[in-house]
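Coordinates as given in data.pdb (PDB, C-alpha atoms and all ligand atoms):
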ATOM      1  CA  MET X   1     -67.912  27.084-127.680  1.00  0.00           C
ATOM      2  CA  LYS X   2     -69.681  28.430-130.751  1.00  0.00           C
ATOM      3  CA  HIS X   3     -67.042  29.654-133.185  1.00  0.00           C
ATOM      4  CA  ILE X   4     -65.798  30.150-136.726  1.00  0.00           C
ATOM      5  CA  TYR X   5     -62.472  28.733-137.860  1.00  0.00           C
ATOM      6  CA  GLN X   6     -60.779  29.910-141.048  1.00  0.00           C
ATOM      7  CA  LYS X   7     -57.581  28.234-142.066  1.00  0.00           C
ATOM      8  CA  GLY X   8     -54.914  30.710-143.162  1.00  0.00           C
ATOM      9  CA  ALA X   9     -52.470  30.687-146.046  1.00  0.00           C
ATOM     10  CA  GLU X  10     -50.221  27.659-146.513  1.00  0.00           C
ATOM     11  CA  GLY X  11     -47.509  27.779-143.838  1.00  0.00           C
ATOM     12  CA  ALA X  12     -49.257  30.448-141.689  1.00  0.00           C
ATOM     13  CA  SER X  13     -47.846  30.154-138.189  1.00  0.00           C
ATOM     14  CA  ASN X  14     -50.096  32.533-136.202  1.00  0.00           C
ATOM     15  CA  THR X  15     -53.737  32.102-135.277  1.00  0.00           C
ATOM     16  CA  LEU X  16     -55.760  35.220-134.498  1.00  0.00           C
ATOM     17  CA  LEU X  17     -58.273  34.594-131.711  1.00  0.00           C
ATOM     18  CA  LEU X  18     -61.151  37.053-132.145  1.00  0.00           C
ATOM     19  CA  LEU X  19     -63.187  37.971-129.060  1.00  0.00           C
ATOM     20  CA  HIS X  20     -66.152  40.299-129.528  1.00  0.00           C
ATOM     21  CA  GLY X  21     -67.611  42.939-127.211  1.00  0.00           C
ATOM     22  CA  THR X  22     -70.857  42.699-125.207  1.00  0.00           C
ATOM     23  CA  GLY X  23     -73.800  41.939-127.484  1.00  0.00           C
ATOM     24  CA  GLY X  24     -71.526  40.893-130.345  1.00  0.00           C
ATOM     25  CA  THR X  25     -71.011  37.615-132.140  1.00  0.00           C
ATOM     26  CA  GLU X  26     -68.214  35.631-133.728  1.00  0.00           C
ATOM     27  CA  ASN X  27     -68.862  37.512-136.991  1.00  0.00           C
ATOM     28  CA  ASP X  28     -68.091  41.004-135.660  1.00  0.00           C
ATOM     29  CA  LEU X  29     -64.300  41.125-135.678  1.00  0.00           C
ATOM     30  CA  LEU X  30     -63.647  39.128-138.858  1.00  0.00           C
ATOM     31  CA  PRO X  31     -62.820  42.339-140.806  1.00  0.00           C
ATOM     32  CA  LEU X  32     -60.127  43.136-138.193  1.00  0.00           C
ATOM     33  CA  ALA X  33     -58.379  39.827-138.847  1.00  0.00           C
ATOM     34  CA  ASP X  34     -58.176  40.761-142.490  1.00  0.00           C
ATOM     35  CA  MET X  35     -56.608  44.123-141.646  1.00  0.00           C
ATOM     36  CA  ILE X  36     -54.144  42.695-139.118  1.00  0.00           C
ATOM     37  CA  ASP X  37     -52.930  39.559-140.918  1.00  0.00           C
ATOM     38  CA  LYS X  38     -54.842  38.283-143.906  1.00  0.00           C
ATOM     39  CA  ASP X  39     -52.645  35.159-144.034  1.00  0.00           C
ATOM     40  CA  ALA X  40     -53.175  34.039-140.420  1.00  0.00           C
ATOM     41  CA  ASN X  41     -55.535  31.307-139.256  1.00  0.00           C
ATOM     42  CA  VAL X  42     -58.592  32.807-137.589  1.00  0.00           C
ATOM     43  CA  LEU X  43     -60.531  31.411-134.638  1.00  0.00           C
ATOM     44  CA  SER X  44     -63.454  33.633-133.749  1.00  0.00           C
ATOM     45  CA  VAL X  45     -65.413  32.648-130.658  1.00  0.00           C
ATOM     46  CA  ARG X  46     -68.816  33.616-129.275  1.00  0.00           C
ATOM     47  CA  GLY X  47     -69.037  34.258-125.522  1.00  0.00           C
ATOM     48  CA  ASN X  48     -70.992  31.594-123.630  1.00  0.00           C
ATOM     49  CA  VAL X  49     -72.786  33.982-121.267  1.00  0.00           C
ATOM     50  CA  SER X  50     -76.017  35.744-122.179  1.00  0.00           C
ATOM     51  CA  GLU X  51     -76.911  39.068-120.556  1.00  0.00           C
ATOM     52  CA  ASN X  52     -80.527  39.654-121.571  1.00  0.00           C
ATOM     53  CA  GLY X  53     -79.770  37.988-124.893  1.00  0.00           C
ATOM     54  CA  MET X  54     -76.440  39.781-125.389  1.00  0.00           C
ATOM     55  CA  PRO X  55     -73.479  37.400-125.656  1.00  0.00           C
ATOM     56  CA  ARG X  56     -70.579  38.043-123.278  1.00  0.00           C
ATOM     57  CA  PHE X  57     -67.501  36.110-122.196  1.00  0.00           C
ATOM     58  CA  PHE X  58     -68.273  36.292-118.449  1.00  0.00           C
ATOM     59  CA  LYS X  59     -70.974  37.648-116.151  1.00  0.00           C
ATOM     60  CA  ARG X  60     -70.939  41.076-114.564  1.00  0.00           C
ATOM     61  CA  LEU X  61     -72.790  42.320-111.507  1.00  0.00           C
ATOM     62  CA  ALA X  62     -73.084  45.861-112.855  1.00  0.00           C
ATOM     63  CA  GLU X  63     -71.383  47.943-115.530  1.00  0.00           C
ATOM     64  CA  GLY X  64     -67.651  47.620-114.881  1.00  0.00           C
ATOM     65  CA  VAL X  65     -68.177  45.301-111.875  1.00  0.00           C
ATOM     66  CA  PHE X  66     -67.221  41.758-112.784  1.00  0.00           C
ATOM     67  CA  ASP X  67     -68.487  38.488-111.324  1.00  0.00           C
ATOM     68  CA  ILE X  68     -65.038  37.175-110.401  1.00  0.00           C
ATOM     69  CA  GLU X  69     -66.160  33.594-109.795  1.00  0.00           C
ATOM     70  CA  ASP X  70     -67.685  33.455-113.262  1.00  0.00           C
ATOM     71  CA  LEU X  71     -64.667  35.244-114.766  1.00  0.00           C
ATOM     72  CA  ILE X  72     -62.378  32.515-113.378  1.00  0.00           C
ATOM     73  CA  PHE X  73     -64.692  29.735-114.583  1.00  0.00           C
ATOM     74  CA  ARG X  74     -65.112  31.222-118.087  1.00  0.00           C
ATOM     75  CA  THR X  75     -61.397  31.946-118.453  1.00  0.00           C
ATOM     76  CA  LYS X  76     -60.673  28.277-117.748  1.00  0.00           C
ATOM     77  CA  GLU X  77     -63.391  27.240-120.186  1.00  0.00           C
ATOM     78  CA  LEU X  78     -61.873  29.434-122.933  1.00  0.00           C
ATOM     79  CA  ASN X  79     -58.323  28.253-122.213  1.00  0.00           C
ATOM     80  CA  GLU X  80     -59.457  24.622-122.485  1.00  0.00           C
ATOM     81  CA  PHE X  81     -61.378  25.408-125.652  1.00  0.00           C
ATOM     82  CA  LEU X  82     -58.151  26.792-127.167  1.00  0.00           C
ATOM     83  CA  ASP X  83     -56.377  23.507-126.359  1.00  0.00           C
ATOM     84  CA  GLU X  84     -59.182  21.531-128.023  1.00  0.00           C
ATOM     85  CA  ALA X  85     -59.423  23.813-131.066  1.00  0.00           C
ATOM     86  CA  ALA X  86     -55.651  23.650-131.657  1.00  0.00           C
ATOM     87  CA  GLU X  87     -55.917  19.877-131.762  1.00  0.00           C
ATOM     88  CA  GLN X  88     -59.063  19.768-133.851  1.00  0.00           C
ATOM     89  CA  TYR X  89     -57.824  22.275-136.470  1.00  0.00           C
ATOM     90  CA  ASN X  90     -54.170  21.407-136.187  1.00  0.00           C
ATOM     91  CA  PHE X  91     -52.789  24.897-135.516  1.00  0.00           C
ATOM     92  CA  ASP X  92     -49.903  25.723-133.188  1.00  0.00           C
ATOM     93  CA  ARG X  93     -51.318  26.276-129.663  1.00  0.00           C
ATOM     94  CA  ARG X  94     -48.235  28.375-128.792  1.00  0.00           C
ATOM     95  CA  ASN X  95     -48.862  30.890-131.580  1.00  0.00           C
ATOM     96  CA  ILE X  96     -52.241  32.386-130.694  1.00  0.00           C
ATOM     97  CA  ILE X  97     -52.605  36.181-130.745  1.00  0.00           C
ATOM     98  CA  ALA X  98     -55.850  37.380-129.191  1.00  0.00           C
ATOM     99  CA  VAL X  99     -57.702  40.321-130.736  1.00  0.00           C
ATOM    100  CA  GLY X 100     -60.394  41.424-128.311  1.00  0.00           C
ATOM    101  CA  TYR X 101     -62.715  44.380-127.992  1.00  0.00           C
ATOM    102  CA  SER X 102     -64.140  45.531-124.657  1.00  0.00           C
ATOM    103  CA  ASN X 103     -65.558  42.431-122.921  1.00  0.00           C
ATOM    104  CA  GLY X 104     -63.534  40.298-125.353  1.00  0.00           C
ATOM    105  CA  ALA X 105     -60.366  42.245-124.487  1.00  0.00           C
ATOM    106  CA  ASN X 106     -61.119  41.654-120.815  1.00  0.00           C
ATOM    107  CA  ILE X 107     -61.314  37.868-121.140  1.00  0.00           C
ATOM    108  CA  ALA X 108     -58.097  37.925-123.212  1.00  0.00           C
ATOM    109  CA  ALA X 109     -56.406  39.889-120.401  1.00  0.00           C
ATOM    110  CA  SER X 110     -57.880  37.392-117.936  1.00  0.00           C
ATOM    111  CA  LEU X 111     -56.176  34.523-119.815  1.00  0.00           C
ATOM    112  CA  LEU X 112     -52.872  36.346-119.279  1.00  0.00           C
ATOM    113  CA  PHE X 113     -53.704  36.929-115.594  1.00  0.00           C
ATOM    114  CA  HIS X 114     -54.549  33.293-114.832  1.00  0.00           C
ATOM    115  CA  TYR X 115     -52.463  31.008-117.062  1.00  0.00           C
ATOM    116  CA  ARG X 116     -48.859  30.616-118.103  1.00  0.00           C
ATOM    117  CA  ASP X 117     -48.333  31.209-121.843  1.00  0.00           C
ATOM    118  CA  PRO X 118     -52.014  31.000-122.863  1.00  0.00           C
ATOM    119  CA  LEU X 119     -51.283  33.428-125.736  1.00  0.00           C
ATOM    120  CA  LYS X 120     -48.241  34.525-127.699  1.00  0.00           C
ATOM    121  CA  GLY X 121     -49.566  38.069-127.725  1.00  0.00           C
ATOM    122  CA  ALA X 122     -52.701  40.147-127.441  1.00  0.00           C
ATOM    123  CA  ILE X 123     -54.332  43.138-129.084  1.00  0.00           C
ATOM    124  CA  LEU X 124     -56.708  44.638-126.538  1.00  0.00           C
ATOM    125  CA  HIS X 125     -59.159  47.281-127.749  1.00  0.00           C
ATOM    126  CA  HIS X 126     -60.661  49.225-124.814  1.00  0.00           C
ATOM    127  CA  PRO X 127     -59.738  46.795-122.040  1.00  0.00           C
ATOM    128  CA  MET X 128     -60.145  46.966-118.276  1.00  0.00           C
ATOM    129  CA  VAL X 129     -58.219  45.271-115.458  1.00  0.00           C
ATOM    130  CA  PRO X 130     -60.019  41.914-115.288  1.00  0.00           C
ATOM    131  CA  ARG X 131     -59.145  41.216-111.662  1.00  0.00           C
ATOM    132  CA  ARG X 132     -57.117  42.955-108.962  1.00  0.00           C
ATOM    133  CA  GLY X 133     -55.054  41.721-106.029  1.00  0.00           C
ATOM    134  CA  ILE X 134     -53.597  38.548-107.535  1.00  0.00           C
ATOM    135  CA  GLU X 135     -50.073  37.637-108.544  1.00  0.00           C
ATOM    136  CA  LEU X 136     -49.742  37.266-112.304  1.00  0.00           C
ATOM    137  CA  PRO X 137     -47.809  34.447-113.946  1.00  0.00           C
ATOM    138  CA  GLY X 138     -44.505  35.480-115.556  1.00  0.00           C
ATOM    139  CA  LEU X 139     -45.264  37.174-118.881  1.00  0.00           C
ATOM    140  CA  SER X 140     -41.804  37.695-120.320  1.00  0.00           C
ATOM    141  CA  GLY X 141     -41.758  37.246-124.087  1.00  0.00           C
ATOM    142  CA  ILE X 142     -45.445  38.167-124.370  1.00  0.00           C
ATOM    143  CA  ASN X 143     -46.282  41.242-126.449  1.00  0.00           C
ATOM    144  CA  VAL X 144     -49.418  43.245-125.767  1.00  0.00           C
ATOM    145  CA  PHE X 145     -50.924  46.145-127.702  1.00  0.00           C
ATOM    146  CA  MET X 146     -53.686  48.201-126.110  1.00  0.00           C
ATOM    147  CA  ALA X 147     -55.895  50.801-127.746  1.00  0.00           C
ATOM    148  CA  ALA X 148     -57.932  52.998-125.443  1.00  0.00           C
ATOM    149  CA  GLY X 149     -60.031  56.132-125.405  1.00  0.00           C
ATOM    150  CA  LYS X 150     -58.899  58.980-123.137  1.00  0.00           C
ATOM    151  CA  ASN X 151     -62.595  59.799-122.802  1.00  0.00           C
ATOM    152  CA  ASP X 152     -64.018  56.260-122.771  1.00  0.00           C
ATOM    153  CA  PRO X 153     -66.971  56.287-120.335  1.00  0.00           C
ATOM    154  CA  ILE X 154     -67.175  52.473-120.197  1.00  0.00           C
ATOM    155  CA  CYS X 155     -63.478  51.578-119.867  1.00  0.00           C
ATOM    156  CA  PRO X 156     -61.907  54.536-118.025  1.00  0.00           C
ATOM    157  CA  ALA X 157     -58.370  55.572-119.057  1.00  0.00           C
ATOM    158  CA  GLN X 158     -57.029  54.671-115.604  1.00  0.00           C
ATOM    159  CA  GLU X 159     -57.951  51.024-116.295  1.00  0.00           C
ATOM    160  CA  THR X 160     -55.585  51.019-119.282  1.00  0.00           C
ATOM    161  CA  ILE X 161     -52.830  52.681-117.279  1.00  0.00           C
ATOM    162  CA  ASP X 162     -53.235  50.147-114.436  1.00  0.00           C
ATOM    163  CA  LEU X 163     -53.429  47.202-116.843  1.00  0.00           C
ATOM    164  CA  GLN X 164     -50.259  48.305-118.614  1.00  0.00           C
ATOM    165  CA  GLN X 165     -48.465  48.529-115.257  1.00  0.00           C
ATOM    166  CA  LEU X 166     -49.651  45.107-114.073  1.00  0.00           C
ATOM    167  CA  LEU X 167     -48.682  43.402-117.343  1.00  0.00           C
ATOM    168  CA  GLU X 168     -45.288  45.127-117.478  1.00  0.00           C
ATOM    169  CA  ASP X 169     -44.585  44.275-113.833  1.00  0.00           C
ATOM    170  CA  ALA X 170     -45.120  40.612-114.806  1.00  0.00           C
ATOM    171  CA  GLY X 171     -42.619  40.971-117.671  1.00  0.00           C
ATOM    172  CA  ALA X 172     -44.802  41.614-120.739  1.00  0.00           C
ATOM    173  CA  SER X 173     -43.866  44.185-123.405  1.00  0.00           C
ATOM    174  CA  VAL X 174     -46.787  46.574-123.677  1.00  0.00           C
ATOM    175  CA  SER X 175     -47.544  49.263-126.214  1.00  0.00           C
ATOM    176  CA  VAL X 176     -50.461  51.676-125.737  1.00  0.00           C
ATOM    177  CA  HIS X 177     -52.285  53.678-128.411  1.00  0.00           C
ATOM    178  CA  TRP X 178     -54.585  56.485-127.206  1.00  0.00           C
ATOM    179  CA  GLU X 179     -57.537  58.005-129.016  1.00  0.00           C
ATOM    180  CA  ASN X 180     -60.344  60.386-128.195  1.00  0.00           C
ATOM    181  CA  PHE X 181     -63.413  58.620-129.505  1.00  0.00           C
ATOM    182  CA  GLY X 182     -64.909  57.227-126.314  1.00  0.00           C
ATOM    183  CA  HIS X 183     -65.586  53.486-126.380  1.00  0.00           C
ATOM    184  CA  GLN X 184     -65.611  53.268-130.190  1.00  0.00           C
ATOM    185  CA  LEU X 185     -63.479  50.698-131.936  1.00  0.00           C
ATOM    186  CA  THR X 186     -62.003  52.927-134.636  1.00  0.00           C
ATOM    187  CA  ARG X 187     -60.367  52.138-137.944  1.00  0.00           C
ATOM    188  CA  SER X 188     -57.282  54.131-136.946  1.00  0.00           C
ATOM    189  CA  GLU X 189     -56.725  52.077-133.789  1.00  0.00           C
ATOM    190  CA  VAL X 190     -57.012  48.868-135.816  1.00  0.00           C
ATOM    191  CA  GLU X 191     -54.445  50.284-138.264  1.00  0.00           C
ATOM    192  CA  ALA X 192     -52.158  51.044-135.310  1.00  0.00           C
ATOM    193  CA  ALA X 193     -52.671  47.466-134.087  1.00  0.00           C
ATOM    194  CA  ALA X 194     -51.838  46.116-137.549  1.00  0.00           C
ATOM    195  CA  SER X 195     -48.625  48.118-137.695  1.00  0.00           C
ATOM    196  CA  TRP X 196     -47.638  46.920-134.162  1.00  0.00           C
ATOM    197  CA  TYR X 197     -48.428  43.326-135.191  1.00  0.00           C
ATOM    198  CA  SER X 198     -46.236  43.497-138.291  1.00  0.00           C
ATOM    199  CA  ASN X 199     -43.260  44.234-135.998  1.00  0.00           C
ATOM    200  CA  ILE X 200     -43.831  41.429-133.475  1.00  0.00           C
ATOM    201  CA  LYS X 201     -45.031  38.750-135.855  1.00  0.00           C
TER     202      LYS X 201
HETATM  203  C1  LIG X 301     -67.097  44.421-119.708  1.00  0.00           C
HETATM  204  O1  LIG X 301     -66.386  43.418-119.777  1.00  0.00           O
HETATM  205  O2  LIG X 301     -68.148  44.468-119.070  1.00  0.00           O
HETATM  206  C2  LIG X 301     -66.663  45.592-120.536  1.00  0.00           C
HETATM  207  O3  LIG X 301     -65.531  46.142-120.138  1.00  0.00           O
HETATM  208  C3  LIG X 301     -67.684  46.568-120.818  1.00  0.00           C
HETATM  209  C4  LIG X 301     -68.613  45.997-121.800  1.00  0.00           C
HETATM  210  O4  LIG X 301     -68.331  44.955-122.363  1.00  0.00           O
HETATM  211  O5  LIG X 301     -69.638  46.616-122.011  1.00  0.00           O
END

Show me the file's structure as structure tokens.
Ligand code: MLT
Amino acid sequence: MKHIYQKGAEGASNTLLLLHGTGGTENDLLPLADMIDKDANVLSVRGNVSENGMPRFFKRLAEGVFDIEDLIFRTKELNEFLDEAAEQYNFDRRNIIAVGYSNGANIAASLLFHYRDPLKGAILHHPMVPRRGIELPGLSGINVFMAAGKNDPICPAQETIDLQQLLEDAGASVSVHWENFGHQLTRSEVEAAASWYSNIK
């Protein structure tokens, strides 16, 4: 997958996996990595799907309606890419914290829905439930932070509430930060994510 890798400070144990929103690129979330952990390794990936030229991590049939077959295929592709990247760049595969926005948050959540220990933790900005009606792998020991807009027209608040419930039912520790700025990725929610991260790191 097309990506950027930045090695962190000597002895850095965590790798931040940056996953952009629809129409974004691997450059978009680099400033977030700096705010969250400037010492961490950074792996920023571009989604392999193009929707009228806009990169995404999996196909959708309509706004908010996901192509589940493609979601499963792309989640596997990303999980395997993480295995390969950990080997290539020599970072610890067990210490990846995803930082995703919108479509990128959804594929990060999908990793947690489909694989055992694909991530050590996840920061999900404006996520949705990636898939319903399946049993999740055990998620105990996995920490998840979600930031959502009470008035987000693209990722409705109920999606965050449902996602929190599903992750907690599977054993994850979940913390939710609410704002009122629609689908915007705000500086204050990234600051809240950074403060959450400093406690779980
Ligand atoms: C999606 O995955 O489609 C998102 O939740 C919405 C978007 O990326 O526009």

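Among all protein and nucleic acid residues, the ones that lie within 8 Å of ligand LIG 301 (chain X) when counting only C-alpha atoms and all ligand atoms are X:Gly21, X:Thr22, X:Arg56, X:Phe57, X:Phe58, X:Lys59, X:Arg60, X:Glu63, X:Gly64, X:Val65, X:Phe66, X:Tyr101, X:Ser102, X:Asn103, X:Gly104, X:Ala105, X:Asn106, X:Ile107, X:His126, X:Pro127, X:Met128, X:Pro130, X:Ile154, X:Cys155.
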
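The space between atom CA of X:Ile200 and atom CA of X:Ile142 spans 9.8 Å.
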
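If only C-alpha atoms are the atoms counted, then among X:Ser188, X:Ser44, X:Ser110, X:Ser198 the closest residue to X:Leu71 is X:Ser110.
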
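Atom pair atom CA of X:Arg187 / atom CA of X:Met35: separated by 9.6 Å.
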
Explicit residue set for the PyMOL selection byres (((chain X and resi 156-169) around 9) and not hetatm), as an NGL selection string:
:X and (109 or 112-113 or 126-130 or 136 or 138-140 or 144 or 146-155 or 170-176)

Report as a PDB file with C-alpha atoms, in the frame of the given file the residues that result from applying the PyMOL selection byres (((chain X and resi 88-93) around 10) and not hetatm) to the structure here.
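Contents of the output file selection_8.pdb:
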ATOM      1  CA  TYR X   5     -62.472  28.733-137.860  1.00  0.00           C
ATOM      2  CA  GLN X   6     -60.779  29.910-141.048  1.00  0.00           C
ATOM      3  CA  LYS X   7     -57.581  28.234-142.066  1.00  0.00           C
ATOM      4  CA  GLY X   8     -54.914  30.710-143.162  1.00  0.00           C
ATOM      5  CA  ALA X  12     -49.257  30.448-141.689  1.00  0.00           C
ATOM      6  CA  SER X  13     -47.846  30.154-138.189  1.00  0.00           C
ATOM      7  CA  ASN X  14     -50.096  32.533-136.202  1.00  0.00           C
ATOM      8  CA  THR X  15     -53.737  32.102-135.277  1.00  0.00           C
ATOM      9  CA  ASN X  41     -55.535  31.307-139.256  1.00  0.00           C
ATOM     10  CA  LEU X  43     -60.531  31.411-134.638  1.00  0.00           C
ATOM     11  CA  LEU X  82     -58.151  26.792-127.167  1.00  0.00           C
ATOM     12  CA  ASP X  83     -56.377  23.507-126.359  1.00  0.00           C
ATOM     13  CA  GLU X  84     -59.182  21.531-128.023  1.00  0.00           C
ATOM     14  CA  ALA X  85     -59.423  23.813-131.066  1.00  0.00           C
ATOM     15  CA  ALA X  86     -55.651  23.650-131.657  1.00  0.00           C
ATOM     16  CA  GLU X  87     -55.917  19.877-131.762  1.00  0.00           C
ATOM     17  CA  ARG X  94     -48.235  28.375-128.792  1.00  0.00           C
ATOM     18  CA  ASN X  95     -48.862  30.890-131.580  1.00  0.00           C
ATOM     19  CA  ILE X  96     -52.241  32.386-130.694  1.00  0.00           C
ATOM     20  CA  ASP X 117     -48.333  31.209-121.843  1.00  0.00           C
ATOM     21  CA  PRO X 118     -52.014  31.000-122.863  1.00  0.00           C
ATOM     22  CA  LEU X 119     -51.283  33.428-125.736  1.00  0.00           C
ATOM     23  CA  LYS X 120     -48.241  34.525-127.699  1.00  0.00           C
TER      24      LYS X 120
END

So that I can see what lies close to X:Ala9, please list as a VMD selection string the residues with an atom at most 9 Å from it, counting all atoms listed in the file and leaving out residues fewer than 4 positions away in the same chain.
chain X and resid 38 to 41

How far is it from atom CA of X:Arg46 to atom CA of X:Met1, in Å with one decimal?
6.8 Å

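Take the candidates X:Gly23, X:Glu69, X:His177, X:Ile36 and check each one against X:Met54 using all atoms listed in the file; the shortest distance goes to X:Gly23.
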
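Candidate residues X:Ile68, X:Leu185, X:Leu18, X:Ile4 were compared for distance to X:Ile134, and the nearest is X:Ile68, using all atoms listed in the file.
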
Looking at only C-alpha atoms, which of X:Val190, X:Pro31, X:Lys2, X:Glu26 is the one that sits closest to X:Asn48?
X:Lys2

Counting only C-alpha atoms, the option among X:Ala98, X:Arg116, X:Asp67, X:Arg74 closest to X:His20
X:Ala98

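When only C-alpha atoms are used to measure the gap to X:Phe145, the shortest distance among X:Gly133, X:Tyr115, X:Glu191, X:Gly53 belongs to X:Glu191.
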
Go ahead and fit an axis-aligned box to every listed atom of stretch 16-27 of chain X plus 5 Å each side, and pass me the centre and edge lengths in Å, one decimal, as JSON.
{"center_x": -64.8, "center_y": 38.8, "center_z": -131.1, "size_x": 28.0, "size_y": 18.3, "size_z": 21.8}
